[in-house]
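In what follows, a single structure is set out as C-alpha cells and then discussed.
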Amino acid sequence: MAINYDHLMNYPIPEVRQTLRWQDIALYNFSVGLGQDPMDEQQLDFLYEPRLKVMPSMPVVLGSPGFWSRNPDTGIDWKQILHGEQGLTLHGKLPTEGEIVGRSRITGIVDRGEGKGALMYSEREVVDAKTGAKLATLSSTSFLRGNGGFGGPTGPVKKPHAEPERAPDLALDLHTRPEQAAVYRLNSDLNPLHIDPAIAKAAGFPRPILHGLCTFGTVCHALLKTLCDYDTERFGSMDLRFSSPVFPGETIRAEIWKEDGGAAFRARVVERDKVVVSNGRFRFR
C-alpha cells in the first residue's frame, strides 16, 4: 500500500492523557544515566523525591501516541522506518506530578523518489491537562525507507545546523550501562529491537541497541551539566540528527562548541570512535 499524501497529512493521531507520579520522573532520569555516582549531590536532585528535578529531555516520553504508523491505513512500511532527527523546546517548568496531554500531528512529508524513501516531519505539543499551559514542543523526522515514489512534494527539506570546523570548546564523557536499554524501555518505549537478541540480529545488529531517544537523553544530560550546571531553568531547546546507533555499555562523548545564545554539539562513541549524533543545536531558555 502506497502513501496517500492528503490522508497521511491529516491522519488522526490519537490524543494521549498521562498521569505523572514522582516515580515516573525518577525512573526516566535514572534510565538516561543519572545517579551512577551515588555521592554526586547534583545528580541526586534528579532521583531523590524530596528535591526532585525533571530532566529537560523527559517530554520525549510524555503523551506519546505509540507506534501509530503500524496501522495499515497509513500506507507506511513501518518495518523500514528510521528515526532521523529529534528536537525539543521547553516552554515552562515541567511538573513532577499531575496530568499532561500530548497532541501530535504530521507537519510535512517529502517524497525523495522511487527507491529513495520519504521524509515525514511530525510535531507533538505537551500541555498541562489542568491549566492548558504549553509545557513542551517536540519535533521529529522519520525516514520512511520503503515509501518513496508516491507522487508527493519534493520539499521543503529541513536544513541541519552547521558544525564548526574548529576543535570543540568542551567535551564530556558519559558512560551508558550494559542494561540501560532494558531499563529505558520501562518508559513505555517497547520496541523489541532494544531487548531481544534475535530481533536485533534479524535487523542486522550483533546485539540489542540503545534507544535513539535514550541517546538523546544522555546528550541532554551532557548539555545540562556542562552549559547549565544542572540548572533546568536555563535549558531552552535542543535539536539533533541521529547518525549511528549506540550499544548499551558504550561511552558517549559529547563535543560542544559555544555559540551566541547556546551551542553547537555532536556526540561520538569513544570505544569505536563513531559519530552517533551530529548537527546538534542547543539554546538557553
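Going through the C-alpha cells in order, the chains are called A, B, and so on, while each chain numbers its residues from 1 and the ligands are numbered from 1 in the order shown.
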Please provide as a PyMOL selection string all residues within 6 Å of Glu114 (chain A), with the sequence filter that same-chain residues fewer than 2 positions apart are discarded (counting only C-alpha atoms). chain A and resi 116+148-149
Selected residues written out, C-alpha atoms, as a JSON list (two decimals), in the first residue's frame:
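The result, written out as again_28.json:
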```
[["chain", "number", "residue", "atom", "x", "y", "z"],
["A", 116, "LYS", "CA", 14.94, 6.66, -2.21],
["A", 148, "GLY", "CA", 9.48, 6.81, -1.92],
["A", 149, "GLY", "CA", 7.87, 7.50, -5.27]]
```
Can you list, as a PyMOL selection string, every residue of region 196-241 of chain A that DSSP puts in strand (DSSP E or B)? chain A and resi 235-241
Please dump the current selection as a short mmCIF file (atom, residue, chain, number, x, y, z; two decimals), in the first residue's frame; keep N, CA and C atoms.
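In the end it all went to result_25.cif:
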```
data_model
loop_
_atom_site.label_atom_id
_atom_site.label_comp_id
_atom_site.auth_asym_id
_atom_site.auth_seq_id
_atom_site.Cartn_x
_atom_site.Cartn_y
_atom_site.Cartn_z
N PHE A 235 17.66 25.73 30.62
CA PHE A 235 17.62 24.87 29.42
C PHE A 235 16.44 25.26 28.55
N GLY A 236 16.72 25.64 27.28
CA GLY A 236 15.66 26.09 26.40
C GLY A 236 15.26 25.09 25.33
N SER A 237 16.21 24.68 24.50
CA SER A 237 15.87 23.78 23.40
C SER A 237 17.11 23.01 22.95
N MET A 238 16.87 21.88 22.30
CA MET A 238 17.93 21.12 21.66
C MET A 238 17.35 20.41 20.45
N ASP A 239 18.22 20.23 19.46
CA ASP A 239 17.80 19.61 18.21
C ASP A 239 19.01 18.86 17.67
N LEU A 240 18.80 17.64 17.17
CA LEU A 240 19.95 16.86 16.70
C LEU A 240 19.54 15.89 15.62
N ARG A 241 20.56 15.32 14.99
CA ARG A 241 20.38 14.30 13.95
C ARG A 241 21.03 13.01 14.43
#
```
Taken to one decimal, the CA of Cys228 (chain A)-CA of Gly261 (chain A) distance is 12.1 Å
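Of the residues under consideration (A:Ile3, A:Val61, A:Val219, A:Leu138), A:Val61 shows the shortest atom-to-atom contact distance to Leu190 (chain A) when counting only C-alpha atoms.
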Name all residues at most 12 Å from Arg51 (chain A) (count only C-alpha atoms; drop same-chain ones fewer than 3 positions away) and give them as an NGL selection string. :A and (22 or 25-26 or 41-48 or 54 or 96)
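Here the DSSP assignment of helix (DSSP H, G or I), based on backbone atoms, applies within region 96-184 of chain A to A:Gln180, A:Ala181, A:Ala182, A:Val183, A:Tyr184.
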To one decimal place, how far is CA of Val60 (chain A) from CA of Phe150 (chain A) in Å? 29.8 Å
May I have the residues within 10 Å of Glu163 (chain A) as an MDAnalysis selection string, using only C-alpha atoms and disregarding those fewer than 4 positions away in the same chain? chainID A and resid 168 256:257 263:266 278:281
Given the selection you just returned, output its residues as a file containing C-alpha atoms, formatted as a PDB file, in the first residue's frame.
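Contents of the output file again_3.pdb:
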```
ATOM      1  CA  PRO A 168      35.301  21.649  20.316  1.00  0.00           C
ATOM      2  CA  ILE A 256      30.392  21.110  22.294  1.00  0.00           C
ATOM      3  CA  TRP A 257      31.102  24.441  20.605  1.00  0.00           C
ATOM      4  CA  ALA A 263      25.963  25.892  21.495  1.00  0.00           C
ATOM      5  CA  ALA A 264      26.506  23.516  18.615  1.00  0.00           C
ATOM      6  CA  PHE A 265      27.251  19.900  19.502  1.00  0.00           C
ATOM      7  CA  ARG A 266      27.746  16.346  18.315  1.00  0.00           C
ATOM      8  CA  SER A 278      25.507  15.170  14.550  1.00  0.00           C
ATOM      9  CA  ASN A 279      24.402  18.711  13.680  1.00  0.00           C
ATOM     10  CA  GLY A 280      23.256  19.432  17.225  1.00  0.00           C
ATOM     11  CA  ARG A 281      21.896  22.838  18.249  1.00  0.00           C
TER      12      ARG A 281
END
```
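The protein and nucleic acid residues lying at most 12 Å from Asp196 (chain A) are Ala181, Ala182, Arg185, Leu190, Asn191, Pro192, Leu193, Ile199, Ala200, Lys201, Ala202, Ala203, Phe205, Pro206, Arg207, Pro208, Ile209 and Leu210 of chain A, with only C-alpha atoms considered and sequence neighbours fewer than 3 positions away removed.
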Write the residues of the selection above to a file with C-alpha atoms, as a PDB file, in the first residue's frame.
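The resulting again22.pdb:
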```
ATOM      1  CA  ALA A 181      18.131  -0.291  27.168  1.00  0.00           C
ATOM      2  CA  ALA A 182      16.243  -2.790  29.341  1.00  0.00           C
ATOM      3  CA  ARG A 185      12.047   0.633  27.732  1.00  0.00           C
ATOM      4  CA  LEU A 190       8.796  -1.181  23.981  1.00  0.00           C
ATOM      5  CA  ASN A 191      10.395  -1.829  20.584  1.00  0.00           C
ATOM      6  CA  PRO A 192      11.866  -5.375  20.956  1.00  0.00           C
ATOM      7  CA  LEU A 193      14.914  -4.301  18.925  1.00  0.00           C
ATOM      8  CA  ILE A 199      15.214  -9.446  16.654  1.00  0.00           C
ATOM      9  CA  ALA A 200      18.344  -7.290  16.848  1.00  0.00           C
ATOM     10  CA  LYS A 201      20.243  -9.893  14.793  1.00  0.00           C
ATOM     11  CA  ALA A 202      17.449 -10.013  12.201  1.00  0.00           C
ATOM     12  CA  ALA A 203      17.726  -6.224  11.900  1.00  0.00           C
ATOM     13  CA  PHE A 205      22.883  -5.755  14.649  1.00  0.00           C
ATOM     14  CA  PRO A 206      25.129  -8.097  16.667  1.00  0.00           C
ATOM     15  CA  ARG A 207      23.122  -7.337  19.838  1.00  0.00           C
ATOM     16  CA  PRO A 208      20.295  -5.068  21.051  1.00  0.00           C
ATOM     17  CA  ILE A 209      20.952  -1.353  20.552  1.00  0.00           C
ATOM     18  CA  LEU A 210      20.193   1.608  22.788  1.00  0.00           C
TER      19      LEU A 210
END
```
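Using only C-alpha atoms, the shortest contact distance between Asp189 (chain A) and any of A:Phe67, A:Phe242, A:Trp78, A:Phe284 is found at A:Phe67.
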Using only C-alpha atoms, find the one residue out of A:Glu255, A:Asp273, A:Asp77, A:Asp24 that sits nearest to Gly117 (chain A). A:Asp77
